[in-house]
>>> print(open('final21.txt').read())   # compact mmCIF, C-alpha atoms
# COMPACT_ATOMS: atom_id res chain seq x y z
CA MET A 104 -6.31 -19.29 11.25
CA GLU A 105 -9.89 -20.39 10.97
CA GLN A 106 -10.83 -21.50 7.50
CA SER A 107 -14.57 -21.20 7.74
CA ASN A 108 -17.11 -18.47 7.95
CA ALA A 109 -17.03 -18.78 11.65
CA THR A 110 -20.47 -18.47 13.08
CA GLN A 111 -20.02 -16.13 15.96
CA THR A 112 -20.84 -17.76 19.25
CA GLU A 113 -21.40 -14.40 20.89
CA GLU A 114 -25.04 -13.36 21.14
CA GLU A 115 -26.23 -10.98 18.47
CA THR A 116 -27.07 -8.33 21.02
CA SER A 117 -25.79 -4.79 21.10
CA SER A 118 -22.02 -4.77 21.28
CA ASN A 119 -19.97 -2.58 23.57
CA LEU A 120 -17.32 -2.35 20.86
CA PRO A 121 -17.54 0.87 18.80
CA PHE A 122 -18.84 0.50 15.23
CA VAL A 123 -19.61 -3.23 15.53
CA ASP A 124 -23.37 -2.69 15.66
CA HIS A 125 -23.18 -0.38 12.65
CA PHE A 126 -21.39 -2.97 10.56
CA ARG A 127 -23.80 -5.68 11.71
CA LYS A 128 -26.79 -3.60 10.58
CA ILE A 129 -25.27 -3.24 7.11
CA ARG A 130 -26.24 -6.85 6.45
CA GLN A 131 -29.91 -5.90 6.84
CA ASN A 132 -29.68 -2.43 5.33
CA PRO A 133 -26.76 -2.16 2.89
CA LYS A 134 -27.69 1.27 1.51
CA TRP A 135 -24.66 2.98 0.00
CA ILE A 136 -25.66 5.88 -2.28
CA VAL A 137 -26.05 8.52 0.46
CA LYS A 138 -22.92 7.25 2.18
CA LEU A 139 -20.97 7.51 -1.06
CA ILE A 140 -22.03 11.16 -1.44
CA VAL A 141 -20.92 11.83 2.14
CA LEU A 142 -17.58 10.14 1.43
CA ILE A 143 -17.03 12.26 -1.69
CA VAL A 144 -17.65 15.46 0.30
CA LEU A 145 -15.34 14.32 3.10
CA SER A 146 -12.62 13.40 0.60
CA ILE A 147 -12.74 16.86 -0.97
CA ILE A 148 -12.54 18.48 2.47
CA LEU A 149 -9.58 16.27 3.37
CA GLY A 150 -7.89 17.14 0.07
CA LEU A 151 -8.26 20.87 0.73
CA LEU A 152 -6.98 20.50 4.30
CA THR A 153 -4.05 18.39 3.14
CA ALA A 154 -3.09 20.98 0.54
CA HIS A 155 -3.38 23.74 3.14
CA ILE A 156 -1.06 22.16 5.71
CA THR A 157 1.44 20.53 3.35
CA ASP A 158 4.84 22.20 3.22
CA ASN A 159 7.49 20.36 1.21
CA THR A 160 9.93 23.29 1.26
CA LYS A 161 12.53 21.61 3.46
CA MET A 162 12.39 18.33 1.57
CA LEU A 163 12.64 20.09 -1.81
CA LYS A 164 15.58 22.19 -0.60
CA ASP A 165 17.30 19.00 0.52
CA MET A 166 16.81 17.75 -3.02
CA GLY A 167 18.70 20.77 -4.35
CA MET A 168 15.81 22.83 -5.75
CA SER A 169 15.90 26.64 -5.78
CA GLN A 170 13.25 28.75 -4.05
CA SER A 171 11.58 29.68 -7.34
CA GLU A 172 11.43 26.03 -8.33
CA ILE A 173 10.01 25.19 -4.91
CA ASP A 174 7.27 27.82 -5.26
CA LYS A 175 6.26 26.43 -8.64
CA GLN A 176 6.31 22.90 -7.29
CA ASN A 177 4.12 23.86 -4.30
CA GLN A 178 1.56 25.48 -6.61
CA PHE A 179 1.56 22.37 -8.75
CA ASN A 180 1.18 20.16 -5.66
CA LEU A 181 -1.85 22.18 -4.53
CA ALA A 182 -3.65 21.55 -7.81
CA VAL A 183 -2.64 17.90 -7.85
CA THR A 184 -3.74 17.31 -4.24
CA ILE A 185 -7.19 18.74 -4.85
CA GLY A 186 -7.53 16.99 -8.20
CA GLN A 187 -6.56 13.65 -6.72
CA SER A 188 -9.30 13.77 -4.09
CA ILE A 189 -11.93 12.18 -6.32
CA GLY A 190 -9.51 9.93 -8.21
CA GLY A 191 -7.94 8.75 -4.97
CA LEU A 192 -11.39 8.14 -3.53
CA ILE A 193 -12.47 5.92 -6.42
CA LEU A 194 -9.23 3.94 -6.42
CA GLY A 195 -9.14 3.65 -2.63
CA LEU A 196 -12.73 2.49 -2.48
CA LEU A 197 -12.17 -0.09 -5.21
CA ILE A 198 -9.04 -1.50 -3.55
CA THR A 199 -10.68 -1.55 -0.12
CA PHE A 200 -13.77 -3.30 -1.47
CA VAL A 201 -11.79 -5.94 -3.37
CA ILE A 202 -9.58 -6.72 -0.36
CA PHE A 203 -12.54 -7.03 2.01
CA LEU A 204 -14.47 -9.14 -0.50
CA VAL A 205 -11.60 -11.51 -1.35
CA ILE A 206 -10.66 -12.14 2.28
CA SER A 207 -14.30 -12.59 3.26
CA LYS A 208 -14.76 -15.19 0.54
CA ILE A 209 -11.51 -16.91 1.47
CA MET A 210 -12.88 -17.21 4.99
CA LYS A 211 -16.17 -18.53 3.53
CA SER A 212 -18.25 -15.57 4.67
CA ASP A 213 -21.87 -15.53 3.53
CA ALA A 214 -21.83 -11.72 3.22
CA GLN A 215 -22.98 -10.50 -0.18
CA ALA A 216 -20.91 -8.16 -2.35
CA ILE A 217 -23.33 -5.29 -1.70
CA HIS A 218 -22.83 -5.75 2.06
CA ILE A 219 -19.06 -5.58 1.65
CA PHE A 220 -19.29 -2.56 -0.65
CA SER A 221 -21.44 -0.64 1.83
CA ALA A 222 -19.09 -1.64 4.66
CA SER A 223 -16.10 -0.44 2.60
CA ILE A 224 -17.69 2.99 2.25
CA SER A 225 -18.38 3.13 5.99
CA TYR A 226 -14.76 2.16 6.68
CA LEU A 227 -13.50 5.02 4.51
CA ILE A 228 -15.95 7.51 6.03
CA ILE A 229 -14.68 6.71 9.53
CA THR A 230 -10.98 6.85 8.67
CA THR A 231 -11.37 9.96 6.49
CA SER A 232 -13.33 11.76 9.23
CA PHE A 233 -10.54 11.02 11.71
CA SER A 234 -7.93 12.39 9.30
CA ILE A 235 -10.00 15.55 8.84
CA ILE A 236 -10.09 16.08 12.61
CA VAL A 237 -6.33 15.58 12.92
CA TYR A 238 -5.49 17.84 9.99
CA ALA A 239 -7.94 20.50 11.16
CA ILE A 240 -6.14 20.62 14.52
CA GLN A 241 -2.80 20.84 12.71
CA ALA A 242 -4.12 23.70 10.57
CA LEU A 243 -5.39 25.48 13.69
CA PHE A 244 -1.95 25.38 15.30
CA GLY A 245 0.04 25.90 12.11
CA LEU A 246 1.59 22.42 12.09
CA THR A 247 2.57 21.33 8.60
CA ILE A 248 3.04 17.93 7.04
CA PRO A 249 5.17 15.97 6.33
CA GLU A 250 7.32 17.54 9.08
CA THR A 251 4.67 16.94 11.73
CA GLN A 252 2.10 14.18 11.97
CA LEU A 253 0.06 15.04 15.06
CA ASP A 254 -1.39 11.56 15.57
CA SER A 255 1.92 9.71 15.35
CA LEU A 256 5.20 9.26 17.23
CA ASN A 257 6.57 11.81 14.78
CA ILE A 258 5.51 14.53 17.25
CA PHE A 259 8.47 13.53 19.42
CA ASP A 260 10.92 13.98 16.54
CA LYS A 261 9.57 16.35 13.90
CA GLY A 262 10.67 15.52 10.40
CA ASN A 263 11.23 11.85 11.21
CA ASN A 264 9.15 10.12 8.55
CA TYR A 265 9.83 6.69 10.01
CA LEU A 266 8.06 7.54 13.25
CA ALA A 267 5.05 8.76 11.27
CA ALA A 268 4.33 5.10 10.46
CA PHE A 269 3.33 4.49 14.07
CA SER A 270 0.13 6.50 14.19
CA LEU A 271 -3.35 6.55 15.64
CA SER A 272 -4.65 6.65 12.05
CA ASN A 273 -3.16 3.23 11.35
CA LEU A 274 -4.45 1.85 14.65
CA LEU A 275 -7.95 3.18 13.96
CA ALA A 276 -7.90 1.76 10.42
CA ALA A 277 -6.89 -1.66 11.76
CA TYR A 278 -9.63 -1.57 14.38
CA VAL A 279 -12.30 -0.63 11.84
CA ILE A 280 -11.06 -3.45 9.61
CA PHE A 281 -11.67 -5.78 12.55
CA THR A 282 -15.25 -4.48 12.90
CA VAL A 283 -15.90 -4.98 9.18
CA TYR A 284 -14.85 -8.63 9.31
CA TYR A 285 -16.52 -9.25 12.66
CA GLY A 286 -19.73 -7.29 12.08
CA THR A 287 -20.42 -7.54 8.34
CA SER A 288 -18.49 -10.59 7.16
CA LYS A 289 -19.45 -12.48 10.34
CA LEU A 290 -16.01 -13.97 10.87
CA SER A 291 -15.11 -15.11 14.35
CA LYS A 292 -13.56 -12.59 16.71
CA LYS A 293 -10.23 -14.44 16.54
CA ALA A 294 -10.12 -14.47 12.74
CA SER A 295 -11.17 -10.82 12.57
CA ILE A 296 -8.39 -9.81 14.96
CA ILE A 297 -5.80 -11.77 12.99
CA TRP A 298 -6.75 -10.09 9.71
CA ALA A 299 -6.78 -6.68 11.39
CA VAL A 300 -3.28 -7.25 12.77
CA ILE A 301 -2.07 -8.34 9.33
CA ALA A 302 -3.58 -5.17 7.86
CA LEU A 303 -1.86 -3.04 10.51
CA ILE A 304 1.51 -4.63 9.75
CA VAL A 305 1.02 -4.00 6.02
CA MET A 306 0.02 -0.34 6.59
CA VAL A 307 3.00 0.32 8.84
CA GLY A 308 5.25 -1.46 6.35
CA PHE A 309 4.05 0.68 3.44
CA THR A 310 4.55 3.86 5.46
CA LEU A 311 8.07 2.81 6.45
CA GLY A 312 8.79 1.98 2.82
CA GLY A 313 7.62 5.42 1.76
CA ALA A 314 9.82 7.00 4.42
CA ALA A 315 12.83 5.00 3.23
CA PHE A 316 12.19 6.09 -0.36
CA THR A 317 11.99 9.76 0.68
CA GLU A 318 15.22 9.52 2.64
CA SER A 319 17.00 7.79 -0.23
CA MET A 320 15.90 10.56 -2.61
CA LYS A 321 17.31 13.14 -0.21
CA GLY A 322 20.56 11.21 -0.04
CA LEU A 323 20.87 11.05 -3.81
CA ALA A 324 20.21 14.81 -4.06
CA ASN A 325 22.89 15.57 -1.49
CA MET A 326 25.41 13.47 -3.42
CA GLN A 327 24.98 15.59 -6.55
>>> encode(input="final21.txt", output="structure tokens")
Amino acid sequence: MEQSNATQTEEETSSNLPFVDHFRKIRQNPKWIVKLIVLIVLSIILGLLTAHITDNTKMLKDMGMSQSEIDKQNQFNLAVTIGQSIGGLILGLLITFVIFLVISKIMKSDAQAIHIFSASISYLIITTSFSIIVYAIQALFGLTIPETQLDSLNIFDKGNNYLAAFSLSNLLAAYVIFTVYYGTSKLSKKASIIWAVIALIVMVGFTLGGAAFTESMKGLANMQ
């Protein structure tokens, strides 16, 4: 892996790769206040959509809960999902910013912190917007989560949480991570791809870990 802030040999002309030009321009115009407001609005919309299409009834029944308990839990989950929109946004933005900043500095990028912060917001706007589109389609056709994840291999085996790890959302996130490193941090294309692949592996790994935890909880409930 390249250890320097690789000066890109490619000409700084318009790129055919989606989003690359946007992340390049952030270095000259790292405005973030308006983008942050947009991200907050999108996060609230995503939270409402998520609450609308989430149905944990089957999972809760597998855990041995009665219907009345399930109804109470679903009402609680609705409030929690909406309430977590802003909190999750702040935490997610902070983690994303720190990861981008640390890796950029490790690779000796000359990008300033404000550039990375603005790029982090853009990254979250893009990925959140995609999730809103997917969940809106699911809501339109009455497809609930976690049983169905429309943008993943889970559509071929509904209820299979392991297959949900292999999704277009994760692929898009990895690609946008590449454009952040390549466009804003000015890493070489090779280094940017490597870090994007690492990020993809980590995201898939976390999703698989979450699926394993859910299945283990179901197994423990069935043993009681």
>>> residues_near_point(input="final21.txt", point="(7.3, 12.9, 12.5)", cutoff="8 Å", atoms="all atoms listed in the file", output="MDAnalysis selection string")
chainID A and resid 249:253 255:267
>>> closest_residue(input="final21.txt", among="A:Ala276, A:Val144, A:Leu290, A:Val123", to="Ala302 in chain A", atoms="all atoms listed in the file")
A:Ala276
>>> residues_around(input="final21.txt", residues="Ile280 in chain A", least_positions_apart="5", cutoff="8 Å", atoms="only C-alpha atoms", output="list in words")
Tyr226, Ser295, Trp298, Ala299 and Ala302 of chain A
>>> atom_distance(input="final21.txt", atom1="CA of Val141 in chain A", atom2="CA of Ile224 in chain A")
9.4 Å
>>> residues_near_point(input="final21.txt", point="(7.2, 4.2, 5.7)", cutoff="8 Å", atoms="only C-alpha atoms", output="PyMOL selection string")
chain A and resi 264-265+267-268+307-315
>>> residues_around(input="final21.txt", residues="Ile219 in chain A", least_positions_apart="3", cutoff="9 Å", atoms="only C-alpha atoms", output="JSON list (two decimals) with C-alpha atoms, in the coordinates of the input")
[["chain", "number", "residue", "atom", "x", "y", "z"],
["A", 129, "ILE", "CA", -25.27, -3.24, 7.11],
["A", 130, "ARG", "CA", -26.24, -6.85, 6.45],
["A", 133, "PRO", "CA", -26.76, -2.16, 2.89],
["A", 200, "PHE", "CA", -13.77, -3.30, -1.47],
["A", 201, "VAL", "CA", -11.79, -5.94, -3.37],
["A", 203, "PHE", "CA", -12.54, -7.03, 2.01],
["A", 204, "LEU", "CA", -14.47, -9.14, -0.50],
["A", 207, "SER", "CA", -14.30, -12.59, 3.26],
["A", 214, "ALA", "CA", -21.83, -11.72, 3.22],
["A", 215, "GLN", "CA", -22.98, -10.50, -0.18],
["A", 216, "ALA", "CA", -20.91, -8.16, -2.35],
["A", 222, "ALA", "CA", -19.09, -1.64, 4.66],
["A", 223, "SER", "CA", -16.10, -0.44, 2.60],
["A", 224, "ILE", "CA", -17.69, 2.99, 2.25],
["A", 283, "VAL", "CA", -15.90, -4.98, 9.18],
["A", 287, "THR", "CA", -20.42, -7.54, 8.34],
["A", 288, "SER", "CA", -18.49, -10.59, 7.16]]
>>> atom_distance(input="final21.txt", atom1="CA of Phe281 in chain A", atom2="CA of Leu120 in chain A")
10.6 Å
>>> atom_distance(input="final21.txt", atom1="CA of Lys293 in chain A", atom2="CA of Thr230 in chain A")
22.7 Å
